[in-house]
Amino acid sequence: MRVSTYPLIDADVAAALVLEHTPTLGLESVVLADAAGRVLGEDLVADAPLPSFPSSAVDGYAVRAADGGRTLRVLGESAAGRPFEGTLAPGTAARILTGGVVPDGADCVVMVEDVSLSRDQVTVPSGLRPGTNFHQVGVDLRAGDHILPAGIELGAAEIGIAAATGRARLRVFRRPRVALMSTGDELVEVGETPRRGQIPDSNRWALLAALRDARADVRMLGIAPDEPDALRRLVTGALRDADALVTSGGVSVGTHDLVKPLLESLGTVHIGRVKLKPGKPFTFATIPSPLRGEGKGEGRGNSPMQKIAFGLPGFPVSSLVTFEVFVRPALRKMQGFRQLSRPTLPVRLGYDARPSPDRTEYQRVTLRRDGGEL
């Protein structure tokens, strides 16, 4: 057993350190079909008005308001995608369907329920007002209007407005490529029969789900052996293409805990212990790209000049708590999200908790509503 040389730092200080050293990734262009869940990389500005033509809001007849109370001759029809090409002179009208272009010369639309029709003539009510029952040019957007800000997550509504303004592709922040591995000779793959002293590797699968939920592209490295050279080869090979490394286990002070020494040799360990329960052995490091001893360059595959590495504790609850507190916000920063942490709510505990006086403590709870409280 070794004695840790890393100072215990407050959890909020550790979280700030992680974000301070986490880079934001570059932009890439994606088609709309691949844009859901991505983060917009630049402001979206309207380059044309929306709608770009006056369009009817109802089925009815396009007329001149000055012709109210008269019987008018119907010259043709304007349907969605098939506009009436002529101009309406006084005393004339055009049948119009919802979404159809309001013909030149018309300044209002009368609903079909409000007219009387006889062959090619239509009688419209009096008291018509210009601008009634149609969408005017630019009523939704004017050229130059800001549609969406950079940093917004693209959902159904955002993709819909992008499509409505003619964007077939969008510039978005690249998703982080994360290499994920577990460490420990006591681990076996899920589905295999453990021998005496072995357990299934559950952490890697829980973290895979958490990473995918955080929108990371994950490369699974499997179970790393408790052997320094083999562990180094596995990590350095993965970091050539990954933006981040997430490990589970091997960050305490035992003789077989090899992750911290490896990260020390590859880069700079900024956090080695945190005043957090559970999660005290959490480790965070930055690693230059290219790796030490591999020459100069800018990395491969559009990777940033600095990689980040998270050493999570092997205890399952500690692993997921430290992921939520430190890893998930960092992954969101890499992707350009404005909101990095989950929303919080005040709750009243239904039991007596005895928090540690010297550490931030996370409690596992089930929420229920009691009157106006949670």
# chains A, B, ... in the order shown; residues from 1 in each chain; ligands from 1

call {"tool": "residues_around", "arguments": {"residues": "range 240-253 of chain A", "least_positions_apart": "5", "cutoff": "9 Å", "atoms": "only C-alpha atoms", "output": "MDAnalysis selection string"}}
result
chainID A and resid 1:4 25 176:184 203:204 207 218:219 226 235 258:261 272 280:283 289:291 299:304 306:316 319 327 331

call {"tool": "residues_around", "arguments": {"residues": "Leu170 in chain A", "least_positions_apart": "2", "cutoff": "8 Å", "atoms": "only C-alpha atoms", "output": "list in words"}}
result
Ser29, Val30, Val31, Leu32, Ala35, Leu40, Arg167, Ala168 and Val172 of chain A

call {"tool": "write_last_selection", "arguments": {"atoms": "N, CA, C and O atoms", "output": "compact mmCIF listing (two decimals), in the first residue's frame"}}
result
# COMPACT_ATOMS: atom_id res chain seq x y z
N SER A 29 -19.80 19.82 -40.31
CA SER A 29 -21.07 20.00 -41.00
C SER A 29 -21.80 18.67 -41.09
O SER A 29 -21.21 17.66 -41.49
N VAL A 30 -23.08 18.67 -40.69
CA VAL A 30 -23.87 17.44 -40.75
C VAL A 30 -25.18 17.72 -41.48
O VAL A 30 -25.69 18.83 -41.49
N VAL A 31 -25.73 16.69 -42.11
CA VAL A 31 -27.03 16.81 -42.73
C VAL A 31 -28.10 16.85 -41.64
O VAL A 31 -27.87 16.40 -40.51
N LEU A 32 -29.27 17.38 -41.97
CA LEU A 32 -30.32 17.51 -40.97
C LEU A 32 -30.70 16.18 -40.34
O LEU A 32 -31.03 16.12 -39.16
N ALA A 35 -28.64 15.68 -37.30
CA ALA A 35 -28.44 16.84 -36.45
C ALA A 35 -29.13 16.72 -35.09
O ALA A 35 -28.80 17.48 -34.17
N LEU A 40 -25.60 23.30 -31.89
CA LEU A 40 -25.37 24.24 -33.00
C LEU A 40 -24.07 25.01 -32.75
O LEU A 40 -23.86 25.56 -31.67
N ARG A 167 -32.04 25.22 -44.80
CA ARG A 167 -30.72 24.68 -44.43
C ARG A 167 -30.73 23.16 -44.56
O ARG A 167 -31.37 22.48 -43.76
N ALA A 168 -30.00 22.63 -45.51
CA ALA A 168 -29.90 21.17 -45.66
C ALA A 168 -28.81 20.60 -44.75
O ALA A 168 -28.83 19.42 -44.43
N VAL A 172 -22.18 22.05 -36.53
CA VAL A 172 -22.37 21.63 -35.14
C VAL A 172 -21.02 21.30 -34.53
O VAL A 172 -20.03 21.06 -35.22

call {"tool": "select_by_dssp", "arguments": {"residues": "range 155-331 of chain A", "states": "strand (DSSP E)", "output": "MDAnalysis selection string"}}
result
chainID A and resid 169:173 177:183 187:188 199:200 217:224 244:248 268:271 273:277 283:288 306:312

call {"tool": "atom_distance", "arguments": {"atom1": "CA of Leu50 in chain A", "atom2": "CA of Arg38 in chain A"}}
result
24.5 Å

call {"tool": "closest_atom_pairs", "arguments": {"of": "range 187-292 of chain A", "to": "range 356-374 of chain A", "cutoff": "8 Å", "atoms": "only C-alpha atoms", "output": "JSON lines"}}
result
{"residue": "A:Lys275", "atom": "CA", "partner": "A:Arg359", "partner_atom": "CA", "distance": 4.5}
{"residue": "A:Leu276", "atom": "CA", "partner": "A:Thr360", "partner_atom": "CA", "distance": 4.8}
{"residue": "A:Lys277", "atom": "CA", "partner": "A:Glu361", "partner_atom": "CA", "distance": 4.6}
{"residue": "A:Pro278", "atom": "CA", "partner": "A:Glu361", "partner_atom": "CA", "distance": 6.8}

call {"tool": "write_last_selection", "arguments": {"atoms": "all heavy atoms", "output": "short mmCIF file (atom, residue, chain, number, x, y, z; two decimals), in the first residue's frame"}}
result
data_model
loop_
_atom_site.label_atom_id
_atom_site.label_comp_id
_atom_site.auth_asym_id
_atom_site.auth_seq_id
_atom_site.Cartn_x
_atom_site.Cartn_y
_atom_site.Cartn_z
N LYS A 275 -12.50 15.70 -1.89
CA LYS A 275 -13.33 15.64 -0.69
C LYS A 275 -14.77 15.33 -1.09
O LYS A 275 -15.65 16.18 -1.08
CB LYS A 275 -13.25 16.95 0.08
CG LYS A 275 -11.88 17.27 0.65
CD LYS A 275 -11.89 18.61 1.37
CE LYS A 275 -10.50 18.97 1.90
NZ LYS A 275 -10.51 20.31 2.56
N LEU A 276 -14.98 14.10 -1.47
CA LEU A 276 -16.25 13.67 -2.02
C LEU A 276 -16.57 12.27 -1.50
O LEU A 276 -15.69 11.40 -1.47
CB LEU A 276 -16.18 13.64 -3.55
CG LEU A 276 -17.45 13.26 -4.31
CD1 LEU A 276 -18.53 14.31 -4.12
CD2 LEU A 276 -17.15 13.08 -5.80
N LYS A 277 -17.81 12.06 -1.12
CA LYS A 277 -18.25 10.74 -0.65
C LYS A 277 -19.56 10.39 -1.34
O LYS A 277 -20.54 11.10 -1.19
CB LYS A 277 -18.45 10.76 0.86
CG LYS A 277 -18.85 9.40 1.43
CD LYS A 277 -19.03 9.50 2.94
CE LYS A 277 -19.44 8.15 3.52
NZ LYS A 277 -19.62 8.21 4.99
N PRO A 278 -19.56 9.31 -2.14
CA PRO A 278 -18.40 8.48 -2.52
C PRO A 278 -17.63 9.11 -3.68
O PRO A 278 -18.15 9.95 -4.38
CB PRO A 278 -19.08 7.18 -2.96
CG PRO A 278 -20.38 7.64 -3.55
CD PRO A 278 -20.83 8.82 -2.71
#

call {"tool": "atom_distance", "arguments": {"atom1": "CA of Asp145 in chain A", "atom2": "CA of Leu44 in chain A"}}
result
8.7 Å

call {"tool": "closest_residue", "arguments": {"among": "A:Ala62, A:Ala214, A:Ala230, A:Ala162", "to": "Ala330 in chain A", "atoms": "only C-alpha atoms"}}
result
A:Ala214

call {"tool": "closest_residue", "arguments": {"among": "A:Ala89, A:Leu117, A:Leu154, A:Leu72", "to": "Gly105 in chain A", "atoms": "only C-alpha atoms"}}
result
A:Ala89

call {"tool": "closest_residue", "arguments": {"among": "A:Val102, A:Ala15, A:Phe84, A:Glu113", "to": "Phe284 in chain A", "atoms": "only C-alpha atoms"}}
result
A:Ala15

call {"tool": "atom_distance", "arguments": {"atom1": "CA of Ala210 in chain A", "atom2": "CA of Thr344 in chain A"}}
result
18.4 Å

call {"tool": "select_by_dssp", "arguments": {"residues": "range 66-149 of chain A", "states": "helix (DSSP H, G or I)", "output": "VMD selection string"}}
result
chain A and resid 66 to 67 112 to 114

call {"tool": "residues_around", "arguments": {"residues": "Gly197 in chain A", "least_positions_apart": "4", "cutoff": "10 Å", "atoms": "only C-alpha atoms", "output": "PDB file with all heavy atoms, in the first residue's frame"}}
result
ATOM      1  N   ASP A 185      -7.457  -7.462 -12.520  1.00  0.00           N
ATOM      2  CA  ASP A 185      -7.430  -8.900 -12.804  1.00  0.00           C
ATOM      3  C   ASP A 185      -8.600  -9.630 -12.169  1.00  0.00           C
ATOM      4  O   ASP A 185      -8.864 -10.796 -12.501  1.00  0.00           O
ATOM      5  CB  ASP A 185      -6.114  -9.501 -12.294  1.00  0.00           C
ATOM      6  CG  ASP A 185      -4.924  -9.057 -13.137  1.00  0.00           C
ATOM      7  OD1 ASP A 185      -5.142  -8.659 -14.301  1.00  0.00           O
ATOM      8  OD2 ASP A 185      -3.795  -9.109 -12.624  1.00  0.00           O
ATOM      9  N   GLU A 186      -9.314  -8.942 -11.257  1.00  0.00           N
ATOM     10  CA  GLU A 186     -10.464  -9.598 -10.624  1.00  0.00           C
ATOM     11  C   GLU A 186     -11.711  -9.561 -11.500  1.00  0.00           C
ATOM     12  O   GLU A 186     -12.722 -10.192 -11.172  1.00  0.00           O
ATOM     13  CB  GLU A 186     -10.770  -8.929  -9.273  1.00  0.00           C
ATOM     14  CG  GLU A 186     -11.484  -7.591  -9.343  1.00  0.00           C
ATOM     15  CD  GLU A 186     -10.561  -6.404  -9.628  1.00  0.00           C
ATOM     16  OE1 GLU A 186      -9.397  -6.652 -10.010  1.00  0.00           O
ATOM     17  OE2 GLU A 186     -11.009  -5.268  -9.481  1.00  0.00           O
ATOM     18  N   LEU A 187     -11.657  -8.839 -12.625  1.00  0.00           N
ATOM     19  CA  LEU A 187     -12.836  -8.665 -13.468  1.00  0.00           C
ATOM     20  C   LEU A 187     -12.898  -9.715 -14.566  1.00  0.00           C
ATOM     21  O   LEU A 187     -11.877 -10.114 -15.126  1.00  0.00           O
ATOM     22  CB  LEU A 187     -12.829  -7.269 -14.107  1.00  0.00           C
ATOM     23  CG  LEU A 187     -12.836  -6.071 -13.153  1.00  0.00           C
ATOM     24  CD1 LEU A 187     -12.750  -4.771 -13.940  1.00  0.00           C
ATOM     25  CD2 LEU A 187     -14.075  -6.091 -12.267  1.00  0.00           C
TER      26      LEU A 187
END
